[in-house]
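**Q** Structure incoming, see below.
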Amino acid sequence: MTKTGTTKIGVTFTATETPNKKYDLIISNPPYLSQYEYEATQPMIKLFEPKSSLYGGIEGLDFYDRFSEIFKILLKQNGIFILEFGYEQKEKINKIFKNYKNIEFIKDFNGIYRFIIGMNNWFYYFVIKI
C-alpha cells in the first residue's frame, strides 16, 4: 500500500470514503481472486462481472490487508465483522488478522473454510459458542 492509501490494484481509501463513525456490523464479500485465478476465470464470468468485483490483487488479499487495518477503528465495542474469502485462503487470512484476538473461521456447506467472523472483545465467544 502506498502513502496515499492506494493498494496494488488501485483501490483508494480516502478520508471521504472511510467513514468517521463506528458500526455494529460489517459484512463484506470483497474481491478475492488472485491474478492467476482471475486469468483462469471463465470468459463468460468476465463478460458479466467487472474486474473490480473479482480481482483482489496479485494474491487476492489486498482488501483483507486494508480491512485488518481499519476494522478496529470502524467497529464499535462488541462490533462484528464477517468476510467471505476464497478457496484455500484461510491460512493467509489468519496471518493477516493475527492481531485480532476474537476471530473464528466458518465452513461453507461443502465443509470448506470460506468465512471469517470477528469481534472487538471477549463477548464474541459467548455469543458464537452458545
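Labels for the C-alpha cells follow display order: chains A, B, ..., residues from 1 in each chain, ligands from 1.
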Do a neighbour search on segment 100-112 of chain A at 10 Å with only C-alpha atoms, toss out local chain neighbours closer than 2 positions, and write the hits as a PyMOL selection string.

**A** chain A and resi 68+71-72+80-84+86-88+90+93-98+114-125+128

**Q** Could you turn the residues from that selection into a file that holds N, CA and C atoms, as an mmCIF file, in the first residue's frame?

**A**
data_model
loop_
_atom_site.group_PDB
_atom_site.id
_atom_site.type_symbol
_atom_site.label_atom_id
_atom_site.label_comp_id
_atom_site.auth_asym_id
_atom_site.auth_seq_id
_atom_site.Cartn_x
_atom_site.Cartn_y
_atom_site.Cartn_z
ATOM 1 N N SER A 68 -8.035 -5.356 7.764
ATOM 2 C CA SER A 68 -7.386 -5.647 9.047
ATOM 3 C C SER A 68 -6.862 -4.367 9.694
ATOM 4 N N PHE A 71 -10.738 -2.175 10.631
ATOM 5 C CA PHE A 71 -11.876 -2.703 11.389
ATOM 6 C C PHE A 71 -11.845 -2.279 12.853
ATOM 7 N N LYS A 72 -10.681 -2.203 13.466
ATOM 8 C CA LYS A 72 -10.621 -1.795 14.873
ATOM 9 C C LYS A 72 -11.055 -0.342 15.041
ATOM 10 N N ILE A 80 -19.080 -6.582 15.143
ATOM 11 C CA ILE A 80 -18.739 -7.840 14.470
ATOM 12 C C ILE A 80 -18.416 -7.572 13.010
ATOM 13 N N PHE A 81 -17.431 -8.286 12.492
ATOM 14 C CA PHE A 81 -17.193 -8.299 11.049
ATOM 15 C C PHE A 81 -17.290 -9.727 10.543
ATOM 16 N N ILE A 82 -17.817 -9.850 9.341
ATOM 17 C CA ILE A 82 -17.928 -11.144 8.668
ATOM 18 C C ILE A 82 -17.446 -10.938 7.236
ATOM 19 N N LEU A 83 -16.496 -11.742 6.832
ATOM 20 C CA LEU A 83 -15.950 -11.651 5.477
ATOM 21 C C LEU A 83 -15.936 -13.020 4.814
ATOM 22 N N GLU A 84 -16.265 -13.037 3.558
ATOM 23 C CA GLU A 84 -16.060 -14.250 2.767
ATOM 24 C C GLU A 84 -14.681 -14.156 2.138
ATOM 25 N N GLY A 86 -11.646 -16.580 -0.418
ATOM 26 C CA GLY A 86 -11.524 -17.600 -1.442
ATOM 27 C C GLY A 86 -11.071 -18.956 -0.927
ATOM 28 N N TYR A 87 -11.327 -19.932 -1.759
ATOM 29 C CA TYR A 87 -10.914 -21.304 -1.525
ATOM 30 C C TYR A 87 -9.413 -21.340 -1.255
ATOM 31 N N GLU A 88 -9.024 -22.005 -0.196
ATOM 32 C CA GLU A 88 -7.629 -22.178 0.195
ATOM 33 C C GLU A 88 -6.927 -20.875 0.636
ATOM 34 N N LYS A 90 -7.573 -19.556 3.791
ATOM 35 C CA LYS A 90 -7.741 -19.481 5.248
ATOM 36 C C LYS A 90 -6.443 -19.150 5.974
ATOM 37 N N ILE A 93 -5.409 -15.536 5.416
ATOM 38 C CA ILE A 93 -6.335 -14.632 6.098
ATOM 39 C C ILE A 93 -6.047 -14.653 7.603
ATOM 40 N N ASN A 94 -5.772 -15.831 8.134
ATOM 41 C CA ASN A 94 -5.445 -15.953 9.551
ATOM 42 C C ASN A 94 -4.207 -15.121 9.900
ATOM 43 N N LYS A 95 -3.210 -15.129 9.043
ATOM 44 C CA LYS A 95 -2.000 -14.334 9.273
ATOM 45 C C LYS A 95 -2.299 -12.842 9.208
ATOM 46 N N ILE A 96 -3.137 -12.457 8.266
ATOM 47 C CA ILE A 96 -3.492 -11.043 8.118
ATOM 48 C C ILE A 96 -4.195 -10.523 9.377
ATOM 49 N N PHE A 97 -5.069 -11.342 9.950
ATOM 50 C CA PHE A 97 -5.847 -10.928 11.125
ATOM 51 C C PHE A 97 -5.232 -11.442 12.427
ATOM 52 N N LYS A 98 -3.932 -11.707 12.438
ATOM 53 C CA LYS A 98 -3.256 -12.265 13.621
ATOM 54 C C LYS A 98 -3.337 -11.350 14.835
ATOM 55 N N ARG A 114 -14.581 -20.754 4.415
ATOM 56 C CA ARG A 114 -14.810 -19.664 3.467
ATOM 57 C C ARG A 114 -15.169 -18.346 4.133
ATOM 58 N N PHE A 115 -15.308 -18.322 5.466
ATOM 59 C CA PHE A 115 -15.729 -17.110 6.150
ATOM 60 C C PHE A 115 -14.889 -16.887 7.401
ATOM 61 N N ILE A 116 -14.625 -15.636 7.683
ATOM 62 C CA ILE A 116 -14.009 -15.242 8.946
ATOM 63 C C ILE A 116 -15.006 -14.336 9.653
ATOM 64 N N ILE A 117 -15.158 -14.567 10.937
ATOM 65 C CA ILE A 117 -16.021 -13.727 11.753
ATOM 66 C C ILE A 117 -15.189 -13.263 12.941
ATOM 67 N N GLY A 118 -15.323 -12.016 13.282
ATOM 68 C CA GLY A 118 -14.547 -11.490 14.388
ATOM 69 C C GLY A 118 -15.292 -10.412 15.138
ATOM 70 N N MET A 119 -14.794 -10.147 16.338
ATOM 71 C CA MET A 119 -15.398 -9.140 17.196
ATOM 72 C C MET A 119 -14.315 -8.431 17.980
ATOM 73 N N ASN A 120 -14.634 -7.249 18.463
ATOM 74 C CA ASN A 120 -13.647 -6.446 19.176
ATOM 75 C C ASN A 120 -13.340 -6.869 20.600
ATOM 76 N N ASN A 121 -14.135 -7.751 21.233
ATOM 77 C CA ASN A 121 -13.769 -8.171 22.587
ATOM 78 C C ASN A 121 -14.253 -9.572 22.916
ATOM 79 N N TRP A 122 -14.111 -9.963 24.162
ATOM 80 C CA TRP A 122 -14.378 -11.323 24.626
ATOM 81 C C TRP A 122 -15.807 -11.767 24.424
ATOM 82 N N PHE A 123 -16.759 -10.864 24.372
ATOM 83 C CA PHE A 123 -18.177 -11.209 24.276
ATOM 84 C C PHE A 123 -18.458 -12.079 23.063
ATOM 85 N N TYR A 124 -17.631 -11.968 22.042
ATOM 86 C CA TYR A 124 -17.757 -12.752 20.812
ATOM 87 C C TYR A 124 -17.871 -14.248 21.107
ATOM 88 N N TYR A 125 -17.019 -14.772 21.949
ATOM 89 C CA TYR A 125 -17.013 -16.206 22.201
ATOM 90 C C TYR A 125 -18.279 -16.648 22.891
ATOM 91 N N ILE A 128 -21.041 -16.620 19.996
ATOM 92 C CA ILE A 128 -20.862 -17.614 18.945
ATOM 93 C C ILE A 128 -20.976 -19.041 19.485
#

**Q** So which one's closest to Gly56 of chain A, A:Tyr23, A:Phe85, A:Tyr32, A:Tyr113? Using only C-alpha atoms, please.

**A** A:Tyr32

**Q** From a DSSP pass on the backbone, collect the residues of segment 2-116 of chain A flagged as strand (DSSP E or B) and hand them back as a PyMOL selection string.

**A** chain A and resi 6+12+23-28+33+55+75-84+102-107+113-116

**Q** Mind pulling up the distance from atom CA of Lys92 of chain A to atom CA of Ile58 of chain A?

**A** 13.2 Å

**Q** In Å, how far is it from atom CA of Ile73 of chain A to atom CA of Gln35 of chain A?

**A** 29.5 Å

**Q** With only C-alpha atoms as the counted atoms, please give the residues lying no more than 9 Å from Lys51 of chain A, apart from itself and same-chain residues fewer than 5 positions off, as a VMD selection string.

**A** chain A and resid 31 38 46

**Q** Can you write just those residues out, all heavy atoms, as an mmCIF file, in the first residue's frame?

**A**
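Saved as out_21.cif:
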data_model
loop_
_atom_site.group_PDB
_atom_site.id
_atom_site.type_symbol
_atom_site.label_atom_id
_atom_site.label_comp_id
_atom_site.auth_asym_id
_atom_site.auth_seq_id
_atom_site.Cartn_x
_atom_site.Cartn_y
_atom_site.Cartn_z
ATOM 1 N N PRO A 31 -13.588 -8.625 -3.391
ATOM 2 C CA PRO A 31 -12.892 -9.353 -4.454
ATOM 3 C C PRO A 31 -11.721 -10.136 -3.854
ATOM 4 O O PRO A 31 -10.937 -9.578 -3.088
ATOM 5 C CB PRO A 31 -12.371 -8.248 -5.372
ATOM 6 C CG PRO A 31 -13.208 -7.059 -5.066
ATOM 7 C CD PRO A 31 -13.589 -7.183 -3.622
ATOM 8 N N TYR A 38 -7.885 -15.077 -11.513
ATOM 9 C CA TYR A 38 -8.632 -14.190 -12.407
ATOM 10 C C TYR A 38 -8.351 -14.531 -13.870
ATOM 11 O O TYR A 38 -9.274 -14.610 -14.683
ATOM 12 C CB TYR A 38 -8.308 -12.718 -12.137
ATOM 13 C CG TYR A 38 -9.110 -11.815 -13.034
ATOM 14 C CD1 TYR A 38 -10.453 -11.578 -12.776
ATOM 15 C CD2 TYR A 38 -8.545 -11.235 -14.165
ATOM 16 C CE1 TYR A 38 -11.217 -10.780 -13.622
ATOM 17 C CE2 TYR A 38 -9.293 -10.431 -15.008
ATOM 18 C CZ TYR A 38 -10.634 -10.213 -14.732
ATOM 19 O OH TYR A 38 -11.390 -9.434 -15.576
ATOM 20 N N LYS A 46 -16.286 -13.173 -16.819
ATOM 21 C CA LYS A 46 -15.661 -11.869 -17.042
ATOM 22 C C LYS A 46 -16.544 -10.956 -17.883
ATOM 23 O O LYS A 46 -16.478 -9.733 -17.755
ATOM 24 C CB LYS A 46 -14.304 -12.042 -17.719
ATOM 25 C CG LYS A 46 -13.260 -12.686 -16.831
ATOM 26 C CD LYS A 46 -11.963 -12.815 -17.600
ATOM 27 C CE LYS A 46 -10.893 -13.513 -16.821
ATOM 28 N NZ LYS A 46 -9.654 -13.674 -17.578
#

**Q** Residues of segment 21-57 of chain A in helix (DSSP H, G or I) according to DSSP, as a ChimeraX atom specification?

**A** /A:35-40,43-48,51-53
